[in-house]
Number of protein chains: 2
Amino acid sequence: MTTARSKSGNPKRDGKVGNLRTEQKAQTRALILQCALEVFAERGFDGASVRDIAGFAGVNHGLIRYHFADKDGLWKAAVEFLFNRLHEEMAAPPEDAKLAPLEQTKSWIRRYVRYCARHPEHARIMVQESIRDSDRLRWAVKRFIKPDNEETRRRFRRLVEEGVYPDIPEHSFNYIITAAAQSMFMLANEMKYIYGLDVASDDVVDAHAEAIITLLFDHRARRAAVRRPKS
Amino acid sequence: MTTARSKSGNPKRDGKVGNLRTEQKAQTRALILQCALEVFAERGFDGASVRDIAGFAGVNHGLIRYHFADKDGLWKAAVEFLFNRLHEEMAAPPEDAKLAPLEQTKSWIRRYVRYCARHPEHARIMVQESIRDSDRLRWAVKRFIKPDNEETRRRFRRLVEEGVYPDIPEHSFNYIITAAAQSMFMLANEMKYIYGLDVASDDVVDAHAEAIITLLFDHRARRAAVRRPKS
DNA sequence: AATTTGGTTATCCAATTGAATAGCAGGGAG
DNA sequence: CTCCCTGCTATTCAATTGGATAACCAAATT
């Protein structure tokens, strides 16, 4: 367990807003949050100990109580951070507005796959929590997952209505797409041991996004990608 | 926590092989294993306590040490059980041998989706363990996951060589297919809160299998399933 | 009937954990 | 310069945990 912070931090001001103490406080809070993300992702809520998280951040474990009240509060703050970042990083580029729905969806898939590769903690934390049943899950579903889901549903319904997508059950669509995008990066360890492949490689990430698009969103490209039989 | 076993068990013999003690022993072992599956699936390795598992099974927690040496041994025995059951229940029916590779694959998907719905603990336990990195994961990969995976790879390669499937990376294929089949059932709690849907329903299960086949394995059926645009 | 065996329970132990409380030290207001 | 506020640390506490040991007792063996 390496400590991520030296005893004294960096007390040099960089001339920004706020006084030194509030700034330091915010920094410490952010540091703890970052470490909490890693530890929660790797060990799940029960498996993660506030002491490990604090040790990882190089602070006294009492501080977590001060900043986040209790372990539950820390988890919720971490999840809040995750979804805020997701929303920021998943914003569609303005030029997407001109594209047809199916093309918009392909662009969305590319962004989402790259997000999953960049931040595997997100899926790791949420999946571990969704496997169990808890107040935390209900909180996260109500606050973040369900609203995001509504958007995916709208996207899907539009594709179906435009006649470019088969009318499968919405929940099947949702779980097939998101799982296909997340799983490889969420299970990077497993993949390392099976294929000896490092998921961090950009090649692997982009190829995965294109594979999903080929299989699920582009049956023209798909037919072309199929090798002609020898006959 | 309900106890699954009364104090005295059922001491009546049913005239089978083996003496009473060995039979009882096997029964107790199986009972503990069953409870371990549930608890490991719900809470992960770290979150599950041997005392809870023992309490669930209605036995003293010392017994787990006797039957499985330690917590690790219990987990491994549980996983061994899971994969043995998987192999039994996933055996292809003899008539499949006559089918073309693509049709065999569709049949395999139907069997796998139903398996995932019937035994969601399997994916729950393995995914939680694959998210972390541990000796247990390496053990499971070497012993079960990788061999099973080789088979899926062969299946995939044959489809590609027959010219009925696009030549995407093998690992992408693997994670897209398995994740698409598992995730909805693995995350049944989440789905319950998002869609209010009970995953146990046969309708939902079969429809999900067909959705996967439509999207991923049957672009002819897929085109037919797409509503024609109004134009 | 007496003795041994082995599945099971009761109990203990050290380590870890989440939480609570008291105290410290240095920045900031006066 | 002085004092207070607050971000942070040190320490304590009760509960839980995995594991170890010894006692128990009914089935099996003789």
# chains A, B, ... in the order shown; residues from 1 in each chain; ligands from 1

call {"tool": "interface_residues", "arguments": {"of": "chain A", "to": "chain D", "cutoff": "8 Å", "atoms": "only C-alpha atoms (C1' of nucleotides)", "output": "list in words"}}
result
Arg21, Lys25, Asn60, Gly62 and Leu63 of chain A

call {"tool": "write_last_selection", "arguments": {"atoms": "N, CA, C and O atoms", "output": "mmCIF file, in the first residue's frame"}}
result
data_model
loop_
_atom_site.group_PDB
_atom_site.id
_atom_site.type_symbol
_atom_site.label_atom_id
_atom_site.label_comp_id
_atom_site.auth_asym_id
_atom_site.auth_seq_id
_atom_site.Cartn_x
_atom_site.Cartn_y
_atom_site.Cartn_z
ATOM 1 N N ARG A 21 -6.846 27.132 3.768
ATOM 2 C CA ARG A 21 -7.452 25.995 4.482
ATOM 3 C C ARG A 21 -8.568 25.331 3.693
ATOM 4 O O ARG A 21 -8.606 24.115 3.562
ATOM 5 N N LYS A 25 -8.593 21.623 2.220
ATOM 6 C CA LYS A 25 -9.673 20.713 2.588
ATOM 7 C C LYS A 25 -10.263 20.049 1.351
ATOM 8 O O LYS A 25 -10.449 18.824 1.302
ATOM 9 N N ASN A 60 -5.169 10.032 8.119
ATOM 10 C CA ASN A 60 -5.724 9.283 9.243
ATOM 11 C C ASN A 60 -7.156 8.877 8.924
ATOM 12 O O ASN A 60 -7.921 9.644 8.341
ATOM 13 N N GLY A 62 -9.669 8.644 10.614
ATOM 14 C CA GLY A 62 -10.706 9.476 11.213
ATOM 15 C C GLY A 62 -11.195 10.566 10.260
ATOM 16 O O GLY A 62 -12.334 11.010 10.336
ATOM 17 N N LEU A 63 -10.304 10.961 9.380
ATOM 18 C CA LEU A 63 -10.647 12.039 8.438
ATOM 19 C C LEU A 63 -11.851 11.691 7.562
ATOM 20 O O LEU A 63 -12.617 12.557 7.154
#

call {"tool": "select_by_dssp", "arguments": {"residues": "range 148-207 of chain B", "states": "helix (DSSP H, G or I)", "output": "number ranges by chain"}}
result
B: 148-161, 170-186, 188-195, 202-207

call {"tool": "interface_residues", "arguments": {"of": "chain A", "to": "chain C", "cutoff": "9 Å", "atoms": "only C-alpha atoms (C1' of nucleotides)", "output": "list in words"}}
result
Leu20, Arg21, Ser49, Val50, Arg51, Arg65, Asp70 and Lys71 of chain A

call {"tool": "atom_distance", "arguments": {"atom1": "CA of Pro147 in chain B", "atom2": "CA of Arg118 in chain A"}}
result
29.2 Å

call {"tool": "interface_residues", "arguments": {"of": "chain A", "to": "chain B", "cutoff": "6 Å", "atoms": "only C-alpha atoms", "output": "number ranges by chain"}}
result
A: 42, 46-47, 130-132, 146, 162-163, 165-166, 168, 172, 175-176, 179-180, 184, 187, 190, 194, 208, 211, 215-216, 225-229

call {"tool": "atom_distance", "arguments": {"atom1": "CA of Arg114 in chain A", "atom2": "CA of Asn84 in chain A"}}
result
16.4 Å

call {"tool": "atom_distance", "arguments": {"atom1": "CA of Asp72 in chain A", "atom2": "CA of Gln27 in chain A"}}
result
20.5 Å

call {"tool": "residues_around", "arguments": {"residues": "Lys106 in chain B", "least_positions_apart": "3", "cutoff": "9 Å", "atoms": "only C-alpha atoms (C1' of nucleotides)", "output": "list in words"}}
result
Pro101, Leu102, Glu103, Ile109, Arg110, Arg111, Ala209, Glu210, Ile213, Phe217 and Asp218 of chain B

call {"tool": "decode", "arguments": {"residues": "range 134-146 of chain A", "atoms": "all heavy atoms", "output": "JSON list (two decimals), in the first residue's frame"}}
result
[["chain", "number", "residue", "atom", "x", "y", "z"],
["A", 134, "SER", "N", -29.29, -3.56, -1.91],
["A", 134, "SER", "CA", -28.98, -2.71, -0.77],
["A", 134, "SER", "C", -29.65, -1.35, -0.94],
["A", 134, "SER", "O", -30.12, -1.01, -2.03],
["A", 134, "SER", "CB", -27.47, -2.50, -0.68],
["A", 134, "SER", "OG", -27.00, -1.79, -1.80],
["A", 135, "ASP", "N", -29.66, -0.61, 0.15],
["A", 135, "ASP", "CA", -30.14, 0.76, 0.07],
["A", 135, "ASP", "C", -29.30, 1.56, -0.92],
["A", 135, "ASP", "O", -29.82, 2.41, -1.65],
["A", 135, "ASP", "CB", -30.05, 1.43, 1.45],
["A", 135, "ASP", "CG", -31.13, 0.89, 2.38],
["A", 135, "ASP", "OD1", -32.11, 0.32, 1.85],
["A", 135, "ASP", "OD2", -30.99, 1.05, 3.59],
["A", 136, "ARG", "N", -28.01, 1.28, -0.91],
["A", 136, "ARG", "CA", -27.13, 2.00, -1.84],
["A", 136, "ARG", "C", -27.54, 1.78, -3.28],
["A", 136, "ARG", "O", -27.57, 2.73, -4.07],
["A", 136, "ARG", "CB", -25.68, 1.53, -1.64],
["A", 136, "ARG", "CG", -25.05, 1.98, -0.34],
["A", 136, "ARG", "CD", -23.58, 1.60, -0.29],
["A", 136, "ARG", "NE", -23.39, 0.16, -0.37],
["A", 136, "ARG", "CZ", -23.56, -0.66, 0.64],
["A", 136, "ARG", "NH1", -23.92, -0.19, 1.81],
["A", 136, "ARG", "NH2", -23.37, -1.96, 0.49],
["A", 137, "LEU", "N", -27.87, 0.53, -3.62],
["A", 137, "LEU", "CA", -28.30, 0.27, -5.00],
["A", 137, "LEU", "C", -29.56, 1.05, -5.33],
["A", 137, "LEU", "O", -29.65, 1.72, -6.36],
["A", 137, "LEU", "CB", -28.55, -1.23, -5.21],
["A", 137, "LEU", "CG", -29.16, -1.59, -6.57],
["A", 137, "LEU", "CD1", -28.27, -1.15, -7.71],
["A", 137, "LEU", "CD2", -29.42, -3.09, -6.66],
["A", 138, "ARG", "N", -30.54, 0.98, -4.44],
["A", 138, "ARG", "CA", -31.79, 1.70, -4.69],
["A", 138, "ARG", "C", -31.53, 3.20, -4.84],
["A", 138, "ARG", "O", -32.08, 3.85, -5.73],
["A", 138, "ARG", "CB", -32.78, 1.45, -3.55],
["A", 138, "ARG", "CG", -33.48, 0.09, -3.67],
["A", 138, "ARG", "CD", -34.55, -0.06, -2.59],
["A", 138, "ARG", "NE", -33.97, -0.31, -1.28],
["A", 138, "ARG", "CZ", -33.59, -1.50, -0.83],
["A", 138, "ARG", "NH1", -33.75, -2.56, -1.59],
["A", 138, "ARG", "NH2", -33.06, -1.64, 0.37],
["A", 139, "TRP", "N", -30.65, 3.72, -4.00],
["A", 139, "TRP", "CA", -30.29, 5.13, -4.09],
["A", 139, "TRP", "C", -29.67, 5.45, -5.45],
["A", 139, "TRP", "O", -30.05, 6.42, -6.11],
["A", 139, "TRP", "CB", -29.32, 5.46, -2.95],
["A", 139, "TRP", "CG", -28.72, 6.82, -2.97],
["A", 139, "TRP", "CD1", -29.26, 7.96, -2.42],
["A", 139, "TRP", "CD2", -27.47, 7.22, -3.56],
["A", 139, "TRP", "NE1", -28.41, 9.02, -2.63],
["A", 139, "TRP", "CE2", -27.32, 8.60, -3.33],
["A", 139, "TRP", "CE3", -26.48, 6.53, -4.26],
["A", 139, "TRP", "CZ2", -26.20, 9.31, -3.78],
["A", 139, "TRP", "CZ3", -25.36, 7.23, -4.71],
["A", 139, "TRP", "CH2", -25.22, 8.61, -4.46],
["A", 140, "ALA", "N", -28.73, 4.62, -5.88],
["A", 140, "ALA", "CA", -28.03, 4.89, -7.15],
["A", 140, "ALA", "C", -28.96, 4.74, -8.34],
["A", 140, "ALA", "O", -28.87, 5.50, -9.30],
["A", 140, "ALA", "CB", -26.83, 3.96, -7.28],
["A", 141, "VAL", "N", -29.84, 3.75, -8.27],
["A", 141, "VAL", "CA", -30.78, 3.55, -9.38],
["A", 141, "VAL", "C", -31.67, 4.77, -9.52],
["A", 141, "VAL", "O", -31.81, 5.34, -10.60],
["A", 141, "VAL", "CB", -31.64, 2.29, -9.17],
["A", 141, "VAL", "CG1", -32.82, 2.27, -10.14],
["A", 141, "VAL", "CG2", -30.81, 1.04, -9.37],
["A", 142, "LYS", "N", -32.24, 5.18, -8.42],
["A", 142, "LYS", "CA", -33.18, 6.30, -8.47],
["A", 142, "LYS", "C", -32.49, 7.59, -8.92],
["A", 142, "LYS", "O", -33.02, 8.34, -9.74],
["A", 142, "LYS", "CB", -33.77, 6.50, -7.07],
["A", 142, "LYS", "CG", -34.89, 7.52, -7.02],
["A", 142, "LYS", "CD", -35.52, 7.53, -5.63],
["A", 142, "LYS", "CE", -36.56, 8.64, -5.52],
["A", 142, "LYS", "NZ", -37.07, 8.77, -4.14],
["A", 143, "ARG", "N", -31.30, 7.80, -8.39],
["A", 143, "ARG", "CA", -30.60, 9.06, -8.59],
["A", 143, "ARG", "C", -29.90, 9.12, -9.95],
["A", 143, "ARG", "O", -29.90, 10.17, -10.59],
["A", 143, "ARG", "CB", -29.57, 9.18, -7.47],
["A", 143, "ARG", "CG", -28.88, 10.48, -7.37],
["A", 143, "ARG", "CD", -29.46, 11.36, -6.28],
["A", 143, "ARG", "NE", -28.82, 12.67, -6.31],
["A", 143, "ARG", "CZ", -27.83, 13.04, -5.51],
["A", 143, "ARG", "NH1", -27.40, 12.22, -4.56],
["A", 143, "ARG", "NH2", -27.29, 14.23, -5.63],
["A", 144, "PHE", "N", -29.28, 8.04, -10.38],
["A", 144, "PHE", "CA", -28.44, 8.10, -11.59],
["A", 144, "PHE", "C", -28.81, 7.09, -12.67],
["A", 144, "PHE", "O", -28.95, 7.44, -13.83],
["A", 144, "PHE", "CB", -26.97, 7.89, -11.22],
["A", 144, "PHE", "CG", -26.43, 8.90, -10.26],
["A", 144, "PHE", "CD1", -26.12, 8.53, -8.96],
["A", 144, "PHE", "CD2", -26.24, 10.22, -10.64],
["A", 144, "PHE", "CE1", -25.61, 9.46, -8.06],
["A", 144, "PHE", "CE2", -25.74, 11.15, -9.75],
["A", 144, "PHE", "CZ", -25.44, 10.78, -8.46],
["A", 145, "ILE", "N", -28.93, 5.82, -12.26],
["A", 145, "ILE", "CA", -29.03, 4.78, -13.28],
["A", 145, "ILE", "C", -30.32, 4.89, -14.06],
["A", 145, "ILE", "O", -30.33, 4.85, -15.29],
["A", 145, "ILE", "CB", -28.91, 3.39, -12.62],
["A", 145, "ILE", "CG1", -27.58, 3.29, -11.87],
["A", 145, "ILE", "CG2", -29.01, 2.30, -13.67],
["A", 145, "ILE", "CD1", -27.40, 2.01, -11.10],
["A", 146, "LYS", "N", -31.43, 5.05, -13.35],
["A", 146, "LYS", "CA", -32.70, 5.08, -14.06],
["A", 146, "LYS", "C", -32.81, 6.29, -14.99],
["A", 146, "LYS", "O", -33.20, 6.12, -16.15],
["A", 146, "LYS", "CB", -33.86, 5.06, -13.07],
["A", 146, "LYS", "CG", -35.17, 4.66, -13.73],
["A", 146, "LYS", "CD", -36.23, 4.29, -12.73],
["A", 146, "LYS", "CE", -37.51, 3.88, -13.46],
["A", 146, "LYS", "NZ", -38.62, 3.65, -12.54]]
